[in-house]
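All remarks here apply to the structure that follows.
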Amino acid sequence: MKYTEDHEWLTADGNLITVGITSHAAEQLGDVVFIELPETETQVAKGDDIVVIESVKAASDIVAPLDGEIVEVNEALVDNPGLVNEDPLGAAWFFKIKVEDASAMNDYMDEDAYNELIG
Amino acid sequence: MGELNRTALHDLHLELGAKMVPFAGYDMPVQYAPGVMKEHLWTRSEAGLFDVSHMGQVCLDAESVDVAARDLERLIPVSILGLRQDRQRYGIFTSEAGGILDDLMIANRGDHLFLVVNAAMKAQDIAHMQANLQDCTVTPISDRALLALQGPKSEAALEALVPGVAEMRFMDVATLDWNGTELWISRSGYSGEDGYEISVPETQAETFARALLDNPAIEPIGLGARDSLRLEAGLCLYGNDIDTTTSPAEAAIEWAIQKVRRTGGERAGGFPGEARILKELEEGAARRRVGLLPEGRAPMRAGTKIFAGDEEVGTITSGGFAPSLERPISMGYVTTAYAESGTKLEAELRGKRLPVTVTDMPFRPATYKR
C-alpha cells in the first residue's frame, strides 16, 4: 500500500489501482454524510478533483493520484457514506483507476513515511 | 491573533478528549471522541452537556426591575416590561437601519434583568448598553460559567442534583441551591429539546459539570452538534442567518415583537430602526428567511445561491446534514414571492443546479416542556 500527501491510499493489481482515503483522513473529516463519485470510463489527470466528500463539518475533494481511466467506482458509498468512517482501508475504497504504468505509484510514500507525515 | 480565552471547563474538555477549536476568541470543544453525529443523536435521545461559558452574561440593575425593563426597551423591540418575574424571553438588539445587532435572552430575576448574549458580540452589546441605557447599571458577569443541559433526560438528571428544576416550565428562570452554590437556571436552550441553561460560579463549574457527567445519561457535547441541533430546530445563528443586514421581518422572527411594541400598541416603537421594522411588520419585507429541503443527499451550505429559473432569488445562510432526519437541510433568504412553503427552487452546487423545496421550520418539532 502506498500513500499520498492528500491522505489517499493506493493498492495495485497489475495496472489496476484501487484508491481510498486513510484512517487518519477519515478521522479528521468526521462523520461522512455525502459522496459524489466520478463516472466510469472517464479519463482523469493526476491532480484532478474527481470525488466530492462531505462530512458533517465540511466539503472536500479527492484528487486523482495518477493519470488514467476510471474503470470502477464503489457505489456502496453513495448509499452508505458512513462506510468511510467504519472501514476506510477496506470496504470504503472509492474508485479503481487503470493506468499505463503502475510503477508511477512508487513515487508515493510507504507506510513509515506516511506515518511520519501525520506524526 | 492573541491568546485564546479559556472557559472554566477547559481542562475538563481536554481530559474528556475534546477536539478544541478557536471560536469567538475562545478555545472551545467542537467535538469529543464520538463525533458530531453521535453527539447530536445522543442529545436527542438522552441528555447532552454543553459548555457555553463563552457567551456573555450581563446583569442590568436599576431602581426597580420595571425601570430597567423600560430602559432596555429603548434598544430592544420586545415587551420587556411585560416579562413577568422568573420568566425569560427572546429578544434582539436592533440597529438604526432596522437590522439586527445581536440576538439574546432576557430574564426577569425579580430585582434585576439578566441577559445572555452571543460570545462574538458581547463586547459590542455591553458597550452599546453602557452608552445608551440611561437608568441601568450594566454589569458584565465574568466570574460565572454557563452550562447547557439539553435532551429528554435533562429534567430527571438535573432534578437529582438540584431539586425544584422539574417544576420549571419552558422559559422559566429560578435561583436554586446546589451544595451551597447559587445556580441561576433557565429552562431553555438552543437545541429544540427540553433542557436547561445553568449559570454557575466559575470556581464550582468543574465540580458541577463532573457531578452531571457522573450520570450515565449525560455525555459532553461539542459546538459541532450544537450547530446541527439548532439548525434542525430552525433556530438562527447570529452572524450566519441574522445580522445587521437582516431585519426582523426578513428573518421571520416577528413573533418576538409583541403587539404592545407594534404600531397601535401602548409602547409602540421607541427602539432603533423603528420606522423600517414597524413598516415591515405591517406590509412584509422583500425577502424572507425560509427552510429549504435539498432533493438528494448533497448538503447545501452557507453561500449556496438559490434560483427560480434563471433568476437568482436567494442565498443559503446555514446548511448541512441533519443527523436526526438523516438528510440535508438548509435555511436561507429568498425573495418573498418564492417564500411560500412547497415552492420548488434550484440551488447551484459545484456548477450544477439541484432542486430544493421551501419548507416550514422547525425541520424537527421542538419538545419544550410548556
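In the C-alpha cells, chains take the letters A, B, ... in the order shown, each chain's residues start at 1, and ligands count up from 1 in the order shown.
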What residues in chain A have any atom no more than 9 Å from chain B when counting only C-alpha atoms, and can you write them as a ChimeraX atom specification?
/A:30-31,33-36,54-59,78
Please run DSSP on the backbone and report, as a list in words, all residues within chain A that come out as helix (DSSP H, G or I).
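For chain A, the helix (DSSP H, G or I) set is Ser23, His24, Ala25, Ala26, Glu27, Gln28, Leu29, Ala76, Leu77, Val78, Asp79, Leu83, Val84, Asn85, Glu86, Ala102, Ser103, Ala104, Met105, Asn106, Asp107, Glu111, Asp112, Ala113, Tyr114, Asn115, Glu116, Leu117 and Ile118 of chain A.
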Excluding Val19 in chain A and residues on its chain fewer than 3 positions from it, collect all residues at most 6 Å away from it, counting only C-alpha atoms, and give them as a list in words.
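Non-adjacent residues within range: Trp9, Leu10, Trp93, Phe94 and Phe95 of chain A.
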Residues from last step as file, N, CA, C and O atoms, as a tab-separated table (two decimals), in the first residue's frame:
```
chain	number	residue	atom	x	y	z
A	9	TRP	N	-4.89	6.36	-0.05
A	9	TRP	CA	-4.08	5.14	-0.15
A	9	TRP	C	-4.29	4.49	-1.51
A	9	TRP	O	-5.34	4.66	-2.13
A	10	LEU	N	-3.26	3.78	-2.01
A	10	LEU	CA	-3.33	3.13	-3.31
A	10	LEU	C	-2.82	1.71	-3.17
A	10	LEU	O	-1.82	1.46	-2.52
A	93	TRP	N	-13.27	1.66	-0.26
A	93	TRP	CA	-12.46	2.14	-1.40
A	93	TRP	C	-13.34	3.02	-2.27
A	93	TRP	O	-14.58	2.90	-2.24
A	94	PHE	N	-12.76	3.97	-2.98
A	94	PHE	CA	-13.55	4.95	-3.74
A	94	PHE	C	-13.67	4.58	-5.22
A	94	PHE	O	-14.75	4.58	-5.78
A	95	PHE	N	-12.52	4.32	-5.86
A	95	PHE	CA	-12.57	4.03	-7.29
A	95	PHE	C	-11.35	3.21	-7.69
A	95	PHE	O	-10.38	3.12	-6.93
```
Nearest residue to Val84 in chain A from the set A:Leu66, A:Leu117, A:Leu29, A:Met1 (distances using only C-alpha atoms)
A:Leu29
Apply DSSP to the structure's backbone, then extract all residues of range 89-301 of chain B labelled strand (DSSP E) and return them as a ChimeraX atom specification.
/B:89-94,100-108,113-117,137-140,144-150,173-178,181-186,195-201,218-220,287-294
Option closest in space to Thr245 in chain B, from B:Tyr190, B:Tyr333, B:Phe271, B:Phe307 [counting only C-alpha atoms]
B:Tyr333
Given the choices B:Ala205, B:Leu229, B:Val138, B:Leu101, which gets closest to Gln124 in chain B if the distance is worked out from only C-alpha atoms?
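Of all the options, B:Leu101 lies closest to Gln124 in chain B.
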Calculate how many Å separate CA of Glu254 in chain B from CA of Leu292 in chain B, rounding to one decimal.
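Interatomic distance, CA of Glu254 in chain B to CA of Leu292 in chain B: 19.6 Å.
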Identify, on the basis of only C-alpha atoms, every residue whose closest approach to Ala76 in chain A does not exceed 10 Å; exclude the query and any residue fewer than 4 positions from it along the same chain; express the result as a compact mmCIF listing (two decimals) with all heavy atoms, in the first residue's frame.
```txt
# COMPACT_ATOMS: atom_id res chain seq x y z
N ASN A 80 -24.28 4.57 1.48
CA ASN A 80 -23.81 4.45 2.86
C ASN A 80 -22.46 5.16 3.02
O ASN A 80 -21.42 4.53 3.18
CB ASN A 80 -23.68 2.97 3.22
CG ASN A 80 -23.28 2.78 4.67
OD1 ASN A 80 -23.31 3.72 5.47
ND2 ASN A 80 -22.85 1.57 5.02
N PRO A 81 -22.50 6.50 3.02
CA PRO A 81 -21.23 7.26 3.11
C PRO A 81 -20.48 6.98 4.41
O PRO A 81 -19.26 7.10 4.46
CB PRO A 81 -21.69 8.72 3.06
CG PRO A 81 -23.08 8.71 2.52
CD PRO A 81 -23.67 7.40 2.95
N LEU A 83 -19.63 4.37 5.65
CA LEU A 83 -18.65 3.29 5.46
C LEU A 83 -17.22 3.83 5.51
O LEU A 83 -16.30 3.14 5.94
CB LEU A 83 -18.92 2.64 4.09
CG LEU A 83 -18.64 1.16 3.89
CD1 LEU A 83 -19.28 0.30 4.97
CD2 LEU A 83 -19.12 0.73 2.50
N ALA A 91 -13.58 -1.76 2.94
CA ALA A 91 -14.84 -1.69 2.21
C ALA A 91 -15.10 -0.33 1.58
O ALA A 91 -15.87 -0.22 0.63
CB ALA A 91 -15.99 -2.06 3.15
N ALA A 92 -14.44 0.72 2.14
CA ALA A 92 -14.74 2.07 1.66
C ALA A 92 -13.73 2.57 0.61
O ALA A 92 -13.39 3.73 0.57
CB ALA A 92 -14.80 3.04 2.83
N TRP A 93 -13.27 1.66 -0.26
CA TRP A 93 -12.46 2.14 -1.40
C TRP A 93 -13.34 3.02 -2.27
O TRP A 93 -14.58 2.90 -2.24
CB TRP A 93 -11.87 0.97 -2.20
CG TRP A 93 -12.90 0.03 -2.76
CD1 TRP A 93 -13.47 -1.02 -2.12
CD2 TRP A 93 -13.50 0.08 -4.08
NE1 TRP A 93 -14.38 -1.64 -2.93
CE2 TRP A 93 -14.42 -0.99 -4.14
CE3 TRP A 93 -13.32 0.90 -5.19
CZ2 TRP A 93 -15.18 -1.26 -5.28
CZ3 TRP A 93 -14.07 0.64 -6.33
CH2 TRP A 93 -15.00 -0.44 -6.36
N PHE A 94 -12.76 3.97 -2.98
CA PHE A 94 -13.55 4.95 -3.74
C PHE A 94 -13.67 4.58 -5.22
O PHE A 94 -14.75 4.58 -5.78
CB PHE A 94 -12.92 6.35 -3.62
CG PHE A 94 -13.31 7.03 -2.35
CD1 PHE A 94 -12.64 6.75 -1.17
CD2 PHE A 94 -14.35 7.93 -2.30
CE1 PHE A 94 -13.00 7.36 0.02
CE2 PHE A 94 -14.72 8.55 -1.13
CZ PHE A 94 -14.05 8.27 0.03
```
Taking only C-alpha atoms into account, which of B:Asp125, B:Gly303, B:Ser318, B:Ala8 comes nearest Leu237 in chain B?
B:Ser318
Who sits within 10 Å of Glu155 in chain B, only C-alpha atoms, same chain under 5 positions skipped, as a PDB file with N, CA and C atoms, in the first residue's frame:
```pdb
ATOM      1  N   ALA B  47     -29.232  12.971  27.132  1.00  0.00           N
ATOM      2  CA  ALA B  47     -29.003  14.363  27.526  1.00  0.00           C
ATOM      3  C   ALA B  47     -27.557  14.731  27.228  1.00  0.00           C
ATOM      4  N   LEU B 149     -27.733  21.984  29.527  1.00  0.00           N
ATOM      5  CA  LEU B 149     -28.059  20.553  29.599  1.00  0.00           C
ATOM      6  C   LEU B 149     -29.312  20.371  28.757  1.00  0.00           C
ATOM      7  N   GLN B 150     -29.203  19.600  27.676  1.00  0.00           N
ATOM      8  CA  GLN B 150     -30.275  19.530  26.693  1.00  0.00           C
ATOM      9  C   GLN B 150     -30.621  18.073  26.385  1.00  0.00           C
ATOM     10  N   ALA B 160     -32.198  15.398  40.108  1.00  0.00           N
ATOM     11  CA  ALA B 160     -31.491  14.564  41.084  1.00  0.00           C
ATOM     12  C   ALA B 160     -30.431  15.369  41.831  1.00  0.00           C
ATOM     13  N   VAL B 162     -30.398  19.015  41.719  1.00  0.00           N
ATOM     14  CA  VAL B 162     -30.953  20.327  42.079  1.00  0.00           C
ATOM     15  C   VAL B 162     -32.477  20.220  42.159  1.00  0.00           C
ATOM     16  N   GLY B 164     -36.239  20.815  42.378  1.00  0.00           N
ATOM     17  CA  GLY B 164     -37.010  22.020  42.054  1.00  0.00           C
ATOM     18  C   GLY B 164     -37.036  22.310  40.572  1.00  0.00           C
ATOM     19  N   VAL B 165     -36.018  21.840  39.822  1.00  0.00           N
ATOM     20  CA  VAL B 165     -35.967  22.187  38.399  1.00  0.00           C
ATOM     21  C   VAL B 165     -37.093  21.521  37.599  1.00  0.00           C
ATOM     22  N   ALA B 166     -37.582  20.373  38.098  1.00  0.00           N
ATOM     23  CA  ALA B 166     -38.628  19.665  37.362  1.00  0.00           C
ATOM     24  C   ALA B 166     -39.924  20.482  37.307  1.00  0.00           C
ATOM     25  N   GLU B 167     -40.105  21.344  38.324  1.00  0.00           N
ATOM     26  CA  GLU B 167     -41.325  22.167  38.357  1.00  0.00           C
ATOM     27  C   GLU B 167     -41.294  23.316  37.373  1.00  0.00           C
ATOM     28  N   MET B 168     -40.102  23.652  36.896  1.00  0.00           N
ATOM     29  CA  MET B 168     -39.988  24.787  35.965  1.00  0.00           C
ATOM     30  C   MET B 168     -40.607  24.407  34.625  1.00  0.00           C
ATOM     31  N   ARG B 187     -35.108  27.287  32.026  1.00  0.00           N
ATOM     32  CA  ARG B 187     -35.495  26.075  31.284  1.00  0.00           C
ATOM     33  C   ARG B 187     -35.580  26.476  29.813  1.00  0.00           C
ATOM     34  N   ASP B 194     -36.140  19.906  25.209  1.00  0.00           N
ATOM     35  CA  ASP B 194     -36.305  20.349  26.584  1.00  0.00           C
ATOM     36  C   ASP B 194     -34.914  20.390  27.206  1.00  0.00           C
ATOM     37  N   GLY B 195     -34.723  21.311  28.137  1.00  0.00           N
ATOM     38  CA  GLY B 195     -33.427  21.359  28.808  1.00  0.00           C
ATOM     39  C   GLY B 195     -33.247  22.631  29.590  1.00  0.00           C
ATOM     40  N   TYR B 196     -32.044  22.824  30.072  1.00  0.00           N
ATOM     41  CA  TYR B 196     -31.757  23.937  30.979  1.00  0.00           C
ATOM     42  C   TYR B 196     -30.464  24.628  30.582  1.00  0.00           C
ATOM     43  N   LYS B 369     -40.957  21.802  27.264  1.00  0.00           N
ATOM     44  CA  LYS B 369     -41.984  21.493  28.267  1.00  0.00           C
ATOM     45  C   LYS B 369     -42.734  22.778  28.629  1.00  0.00           C
TER      46      LYS B 369
END
```
